[in-house]
Structures are given as structure tokens and as C-alpha cells.
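To be precise, the following lines are model.pdb, and they hold PDB, C-alpha atoms.
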MODEL        1
ATOM      1  CA  MET J 641       0.000   0.000   0.000
ATOM      2  CA  GLY J 642       1.413   3.417  -0.980
ATOM      3  CA  ALA J 643       2.020   6.176   1.534
ATOM      4  CA  GLY J 644      -0.922   8.219   0.232
ATOM      5  CA  GLN J 645      -3.481   5.389   0.388
ATOM      6  CA  LEU J 646      -5.702   4.700   3.341
ATOM      7  CA  ASP J 647      -7.121   1.266   4.066
ATOM      8  CA  GLN J 648     -10.716   2.356   4.526
ATOM      9  CA  ALA J 649     -13.467   0.015   3.491
ATOM     10  CA  GLU J 650     -16.826   1.488   2.614
ATOM     11  CA  PRO J 651     -19.261   0.987   5.510
ATOM     12  CA  LEU J 652     -21.678  -1.871   4.850
ATOM     13  CA  ARG J 653     -25.074  -0.546   3.772
ATOM     14  CA  LEU J 654     -28.251  -2.535   3.873
ATOM     15  CA  ARG J 655     -31.916  -2.061   3.081
ATOM     16  CA  ALA J 656     -33.458  -2.461   6.527
ATOM     17  CA  PHE J 657     -36.694  -2.247   8.458
ATOM     18  CA  PHE J 658     -38.256  -3.182  11.783
ATOM     19  CA  GLY J 659     -41.274  -5.468  11.668
ATOM     20  CA  LEU J 660     -43.512  -7.805  13.621
ATOM     21  CA  PRO J 661     -43.365 -11.349  12.235
ATOM     22  CA  VAL J 662     -46.593 -13.209  11.510
ATOM     23  CA  PRO J 663     -46.694 -16.587  13.310
ATOM     24  CA  GLU J 664     -46.591 -19.799  11.303
ATOM     25  CA  GLU J 665     -50.221 -20.686  12.118
ATOM     26  CA  GLN J 666     -51.496 -17.479  10.482
ATOM     27  CA  ARG J 667     -49.036 -17.791   7.566
ATOM     28  CA  GLU J 668     -50.296 -21.321   6.859
ATOM     29  CA  ILE J 669     -53.878 -20.037   6.703
ATOM     30  CA  LEU J 670     -52.967 -17.064   4.484
ATOM     31  CA  GLY J 671     -50.751 -19.132   2.136
ATOM     32  CA  PRO J 672     -53.597 -20.686   0.083
ATOM     33  CA  PHE J 673     -55.372 -17.308  -0.046
ATOM     34  CA  LEU J 674     -52.229 -15.672  -1.491
ATOM     35  CA  ILE J 675     -51.884 -18.437  -4.098
ATOM     36  CA  ALA J 676     -55.535 -17.972  -5.097
ATOM     37  CA  ALA J 677     -55.070 -14.180  -5.177
ATOM     38  CA  ALA J 678     -52.065 -14.573  -7.502
ATOM     39  CA  ALA J 679     -54.174 -16.655  -9.893
ATOM     40  CA  ALA J 680     -57.120 -14.225  -9.714
ATOM     41  CA  ALA J 681     -55.082 -11.001  -9.977
ATOM     42  CA  PRO J 682     -51.815 -11.466 -11.924
ATOM     43  CA  ALA J 683     -51.440  -7.674 -12.273
ATOM     44  CA  TYR J 684     -50.152  -7.770  -8.670
ATOM     45  CA  ARG J 685     -47.030  -9.243  -7.057
ATOM     46  CA  TRP J 686     -48.305 -11.220  -4.067
ATOM     47  CA  VAL J 687     -46.194 -11.671  -0.940
ATOM     48  CA  ALA J 688     -44.908 -15.175  -0.228
ATOM     49  CA  ALA J 689     -46.447 -16.494   2.995
ATOM     50  CA  ALA J 690     -42.950 -16.913   4.483
ATOM     51  CA  ASN J 691     -42.357 -13.148   4.079
ATOM     52  CA  LEU J 692     -45.509 -11.947   5.874
ATOM     53  CA  HIS J 693     -44.871  -9.318   8.540
ATOM     54  CA  LEU J 694     -46.243  -5.997   9.785
ATOM     55  CA  THR J 695     -43.723  -3.259   9.015
ATOM     56  CA  VAL J 696     -43.188  -0.990  12.019
ATOM     57  CA  ARG J 697     -40.521   1.297  10.493
ATOM     58  CA  PHE J 698     -38.892   1.106   7.074
ATOM     59  CA  MET J 699     -35.439   2.696   7.228
ATOM     60  CA  GLY J 700     -34.330   2.263   3.620
ATOM     61  CA  SER J 701     -30.656   1.983   2.740
ATOM     62  CA  VAL J 702     -28.670   2.617   5.922
ATOM     63  CA  GLU J 703     -25.283   1.690   7.307
ATOM     64  CA  SER J 704     -25.462  -1.615   9.166
ATOM     65  CA  GLN J 705     -23.806  -0.026  12.206
ATOM     66  CA  LEU J 706     -26.607   2.561  12.411
ATOM     67  CA  ALA J 707     -29.348  -0.115  12.163
ATOM     68  CA  ASP J 708     -27.569  -2.243  14.806
ATOM     69  CA  GLY J 709     -27.287   0.769  17.121
ATOM     70  CA  ILE J 710     -31.010   1.514  16.863
ATOM     71  CA  ALA J 711     -31.806  -2.160  17.527
ATOM     72  CA  ASP J 712     -29.484  -2.227  20.551
ATOM     73  CA  ARG J 713     -31.098   0.897  22.045
ATOM     74  CA  LEU J 714     -34.562  -0.565  21.490
ATOM     75  CA  ALA J 715     -33.448  -3.840  23.130
ATOM     76  CA  ALA J 716     -32.369  -1.878  26.213
ATOM     77  CA  ARG J 717     -35.877  -0.438  26.619
ATOM     78  CA  SER J 718     -38.798  -2.220  28.261
ATOM     79  CA  LEU J 719     -40.962  -2.773  25.200
ATOM     80  CA  ALA J 720     -44.300  -4.420  25.897
ATOM     81  CA  GLY J 721     -45.794  -7.269  23.895
ATOM     82  CA  PHE J 722     -49.435  -7.067  22.865
ATOM     83  CA  GLU J 723     -52.301  -8.964  21.261
ATOM     84  CA  LEU J 724     -52.862  -8.570  17.522
ATOM     85  CA  GLU J 725     -55.722  -9.655  15.315
ATOM     86  CA  LEU J 726     -56.085  -8.994  11.600
ATOM     87  CA  GLY J 727     -59.311  -7.514  10.295
ATOM     88  CA  GLU J 728     -60.588  -6.316   6.930
ATOM     89  CA  LEU J 729     -58.995  -6.151   3.521
ATOM     90  CA  GLY J 730     -57.913  -2.656   2.460
ATOM     91  CA  MET J 731     -56.222  -0.976  -0.496
ATOM     92  CA  PHE J 732     -53.934   2.011  -0.894
ATOM     93  CA  LYS J 733     -55.070   3.797  -4.031
ATOM     94  CA  ARG J 734     -53.965   6.551  -6.341
ATOM     95  CA  GLY J 735     -57.198   7.782  -7.876
ATOM     96  CA  ARG J 736     -59.090   4.715  -9.079
ATOM     97  CA  LEU J 737     -55.996   2.534  -9.332
ATOM     98  CA  VAL J 738     -54.785   0.321  -6.508
ATOM     99  CA  ARG J 739     -51.116   0.259  -5.559
ATOM    100  CA  VAL J 740     -51.141  -1.988  -2.449
ATOM    101  CA  VAL J 741     -53.552  -4.632  -1.119
ATOM    102  CA  TRP J 742     -53.391  -5.170   2.647
ATOM    103  CA  ILE J 743     -55.187  -6.406   5.755
ATOM    104  CA  GLY J 744     -55.675  -3.977   8.626
ATOM    105  CA  LEU J 745     -55.755  -4.668  12.346
ATOM    106  CA  ARG J 746     -58.962  -5.463  14.187
ATOM    107  CA  HIS J 747     -57.218  -5.534  17.591
ATOM    108  CA  GLY J 748     -53.870  -4.142  18.721
ATOM    109  CA  LEU J 749     -54.014  -0.938  16.698
ATOM    110  CA  GLU J 750     -53.130   1.466  19.528
ATOM    111  CA  ALA J 751     -50.418  -0.833  20.926
ATOM    112  CA  ALA J 752     -48.847  -1.139  17.456
ATOM    113  CA  ARG J 753     -48.948   2.652  17.078
ATOM    114  CA  GLY J 754     -47.298   3.043  20.483
ATOM    115  CA  LEU J 755     -44.488   0.666  19.529
ATOM    116  CA  ALA J 756     -44.037   2.450  16.187
ATOM    117  CA  ALA J 757     -43.734   5.802  18.005
ATOM    118  CA  ILE J 758     -40.918   4.423  20.178
ATOM    119  CA  VAL J 759     -39.097   2.986  17.134
ATOM    120  CA  GLU J 760     -39.614   6.280  15.261
ATOM    121  CA  SER J 761     -38.122   8.201  18.198
ATOM    122  CA  GLU J 762     -34.993   6.003  18.203
ATOM    123  CA  CYS J 763     -34.668   6.364  14.415
ATOM    124  CA  ALA J 764     -34.928  10.166  14.714
ATOM    125  CA  ASP J 765     -32.318  10.188  17.505
ATOM    126  CA  ALA J 766     -30.013   8.225  15.172
ATOM    127  CA  GLY J 767     -30.381  10.948  12.527
ATOM    128  CA  LEU J 768     -32.869   9.341  10.134
ATOM    129  CA  GLU J 769     -35.409  11.523   8.373
ATOM    130  CA  PRO J 770     -38.783  11.357  10.136
ATOM    131  CA  GLU J 771     -41.576   9.373   8.492
ATOM    132  CA  ALA J 772     -43.649  11.681   6.294
ATOM    133  CA  ARG J 773     -46.909   9.740   6.747
ATOM    134  CA  PRO J 774     -48.633   8.734   9.968
ATOM    135  CA  PHE J 775     -48.155   5.079  10.894
ATOM    136  CA  GLN J 776     -51.005   2.861   9.698
ATOM    137  CA  PRO J 777     -50.408  -0.721  10.850
ATOM    138  CA  HIS J 778     -51.232  -3.242   8.148
ATOM    139  CA  LEU J 779     -50.116  -6.528   6.647
ATOM    140  CA  THR J 780     -49.132  -6.026   2.994
ATOM    141  CA  LEU J 781     -50.433  -8.824   0.774
ATOM    142  CA  GLY J 782     -49.718  -7.570  -2.740
ATOM    143  CA  ARG J 783     -48.385  -4.652  -4.774
ATOM    144  CA  ALA J 784     -49.405  -3.583  -8.277
ATOM    145  CA  ARG J 785     -46.790  -4.515 -10.875
ATOM    146  CA  SER J 786     -47.370  -1.179 -12.616
ATOM    147  CA  ARG J 787     -45.976   1.905 -10.870
ATOM    148  CA  GLU J 788     -49.224   3.727 -11.632
ATOM    149  CA  GLY J 789     -51.309   1.002  -9.999
ATOM    150  CA  SER J 790     -53.865  -1.453 -11.332
ATOM    151  CA  PRO J 791     -57.652  -1.724 -11.294
ATOM    152  CA  PRO J 792     -59.023  -3.099  -7.992
ATOM    153  CA  PRO J 793     -58.527  -6.879  -7.952
ATOM    154  CA  GLU J 794     -61.375  -9.387  -7.689
ATOM    155  CA  LEU J 795     -60.208 -11.549  -4.798
ATOM    156  CA  PRO J 796     -61.431 -14.641  -2.981
ATOM    157  CA  GLY J 797     -62.727 -14.150   0.555
ATOM    158  CA  VAL J 798     -60.059 -13.468   3.171
ATOM    159  CA  PRO J 799     -59.799 -16.350   5.646
ATOM    160  CA  THR J 800     -60.555 -15.785   9.312
ATOM    161  CA  LEU J 801     -57.363 -15.583  11.349
ATOM    162  CA  GLY J 802     -57.115 -16.012  15.081
ATOM    163  CA  PRO J 803     -55.356 -13.452  17.281
ATOM    164  CA  TRP J 804     -51.749 -13.813  18.381
ATOM    165  CA  ARG J 805     -49.363 -12.104  20.768
ATOM    166  CA  ALA J 806     -46.623  -9.911  19.281
ATOM    167  CA  GLU J 807     -43.617 -11.072  21.299
ATOM    168  CA  HIS J 808     -40.721  -9.998  19.046
ATOM    169  CA  LEU J 809     -39.741  -6.916  17.115
ATOM    170  CA  VAL J 810     -37.356  -7.952  14.351
ATOM    171  CA  LEU J 811     -34.697  -5.975  12.512
ATOM    172  CA  TYR J 812     -34.877  -7.298   8.944
ATOM    173  CA  ARG J 813     -32.604  -6.905   5.961
ATOM    174  CA  SER J 814     -34.425  -6.785   2.636
ATOM    175  CA  HIS J 815     -32.725  -8.421  -0.359
ATOM    176  CA  LEU J 816     -34.347  -7.270  -3.596
ATOM    177  CA  GLY J 817     -34.393  -9.662  -6.541
ATOM    178  CA  ARG J 818     -36.306 -10.442  -9.703
ATOM    179  CA  PRO J 819     -38.648 -12.979  -8.067
ATOM    180  CA  GLY J 820     -39.354 -10.540  -5.222
ATOM    181  CA  ALA J 821     -37.873  -9.412  -1.934
ATOM    182  CA  VAL J 822     -36.397 -11.842   0.582
ATOM    183  CA  TYR J 823     -36.356 -10.743   4.208
ATOM    184  CA  GLU J 824     -33.456 -11.818   6.407
ATOM    185  CA  PRO J 825     -33.960 -11.437  10.180
ATOM    186  CA  LEU J 826     -30.841  -9.823  11.666
ATOM    187  CA  LYS J 827     -31.905  -9.246  15.282
ATOM    188  CA  SER J 828     -34.961 -10.276  17.268
ATOM    189  CA  LEU J 829     -35.910  -8.034  20.180
ATOM    190  CA  ARG J 830     -38.072  -9.586  22.870
ATOM    191  CA  LEU J 831     -41.273  -7.710  23.692
ATOM    192  CA  GLY J 832     -42.061  -8.291  27.348
ATOM    193  CA  GLY J 833     -45.265  -8.079  29.285
ATOM    194  CA  PRO J 834     -47.179  -9.532  32.186
ATOM    195  CA  ASP J 835     -46.271 -13.136  32.966
TER     196      ASP J 835
ENDMDL
END

Can you dump the structure from the file as C-alpha cells?
Amino acid sequence: MGAGQLDQAEPLRLRAFFGLPVPEEQREILGPFLIAAAAAAPAYRWVAAANLHLTVRFMGSVESQLADGIADRLAARSLAGFELELGELGMFKRGRLVRVVWIGLRHGLEAARGLAAIVESECADAGLEPEARPFQPHLTLGRARSREGSPPPELPGVPTLGPWRAEHLVLYRSHLGRPGAVYEPLKSLRLGGPD
């Protein structure tokens, strides 16, 4: 190495977010629905059942050290677990076209918002830009393939899903690829509560 060169590696960047994983029981029930939705509405990319989660805070492309630091500070806090139950199908639209198909929360809405506020506060303290939109907890099922959106899909009935307890907040890394995103859990933070 020459005298004028420094051995400085670029910091590792990753596409990261915090989310609440969906338990296997609910994923197994939603799996056949997602397969049927893909057949009924091919203008949408449907989420693989293994990837189902409720996003709490999407951070985008950040240095891994920054994401780890936020996760470590969250782990040091007493974050409470809570009951969740999915409710009705919803759609984010632009005019008449649909961009995202999702399921909202029937129970656990305020607790999810409270957790998101804590995560948002830690992200702001770490120097991330604040979220522009208010947090609306939902489980994304599909996204329109077209950037403009697609006509509302005709979908089979959404199966009834039992409630579950959110016991972990997970720091995920998102790997984007042609077949769709793959989410890699990096850290799992225990959400406590009454024993």
C-alpha cells in the first residue's frame, strides 16, 4: 500500500426495516389465499407467505452499524408485547388505481402505534429523516406490478385468522431480486409483558 493510500473500506449498507413477524399458524392459513389471489389477480405481485410481517418502520438503505445501534437501544428499553388480530382487507389507491392490497388490524391498533412511536423516536435520535406519513399498521399482501397502480382486484374471501401475541420486534434486511424481496432477520428483540 502506498504512503498516500488509506485502508478504509466502505461501511456496509443494507436495506433495513423493523417489523412484527406473523406466526406460522397465520401464515399457513394465508398461504392458500395468497396463491388464489395470484391466480385471480396477476397484475399484482403477491407476498410469499414466508415473508408476511407488519412493518413498524422502514429505514431504507442505511449503514449496518446505524441499524444495529437503533436495535441495541430498542433492546435496552422495556418494550411491551401485545395482542394482535387482523381484520378487513384494504387498499392504498392513487385515484381509481390500486397500488397496495393489505389487511388492517382489528385488535392491537393502539399498541402497534405506540411501539411504532418508540421505534420512530430512536430512528430520529439516530439521525434518520422522520416518516412523512402517519403510521397505519397493516399486513401487505400484494403490490401492483405497474408503478401507476392497477384496477381493484377481484379476490377470494379473506380467511378468518385467530389473534396472536406480538412477542418480538425484528430488525430485517431486505434483499431485492427479480422474483421478489427476501427478508433476512438480523436481530430479534423480545417484547415483554405480564407473565

Which residue of J:His808, J:Leu714, J:Gly797, J:Ala689 approaches J:Glu668 most closely, using only C-alpha atoms
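Nearest candidate to J:Glu668 out of J:His808, J:Leu714, J:Gly797, J:Ala689: J:Ala689.
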
Explicit residues for the PyMOL selection byres ((chain J and resi 658) around 12) (as a ChimeraX atom specification)
/J:655-657,659-661,693-700,707-708,710-711,714,755-756,758-760,762-763,808-814,823-829

Please evaluate the PyMOL selection byres ((chain J and resi 779-782) around 8) against the structure above and give the resulting residues as a VMD selection string.
chain J and resid 674 684 to 687 692 to 695 740 to 744 777 to 778 783 to 784

For a test of reading the model, state the distance in Å between atom CA of J:Arg753 and atom CA of J:Pro774, rounded to one decimal.
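A separation of 9.4 Å between them.
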
So how far away is atom CA of J:Ala690 from atom CA of J:Leu831, in Å?
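Rounded to one decimal, the two atoms are 21.4 Å apart.
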
Using the chain letters and numbering of this document, enumerate as a PyMOL selection string the residues selected by the PyMOL selection byres ((chain J and resi 786-795) around 6).
chain J and resi 677+681+737-739+784-785+796

May I have the centre and edge lengths, in Å to one decimal, of an axis-aligned box around the listed atoms of stretch 695-700 of chain J with 5 Å added to every side, as JSON?
{"center_x": -39.0, "center_y": -0.3, "center_z": 7.8, "size_x": 19.4, "size_y": 16.0, "size_z": 18.4}

My list of candidates is J:Ala752, J:Leu768, J:Leu745, J:Leu670. Which is closest to J:Gly721 when distances are computed with only C-alpha atoms?
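Closest candidate: J:Ala752.
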
For atom CA of J:Glu703 and atom CA of J:Glu771, quote the distance in Å rounded to one decimal.
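Rounded to one decimal, the two atoms are 18.1 Å apart.
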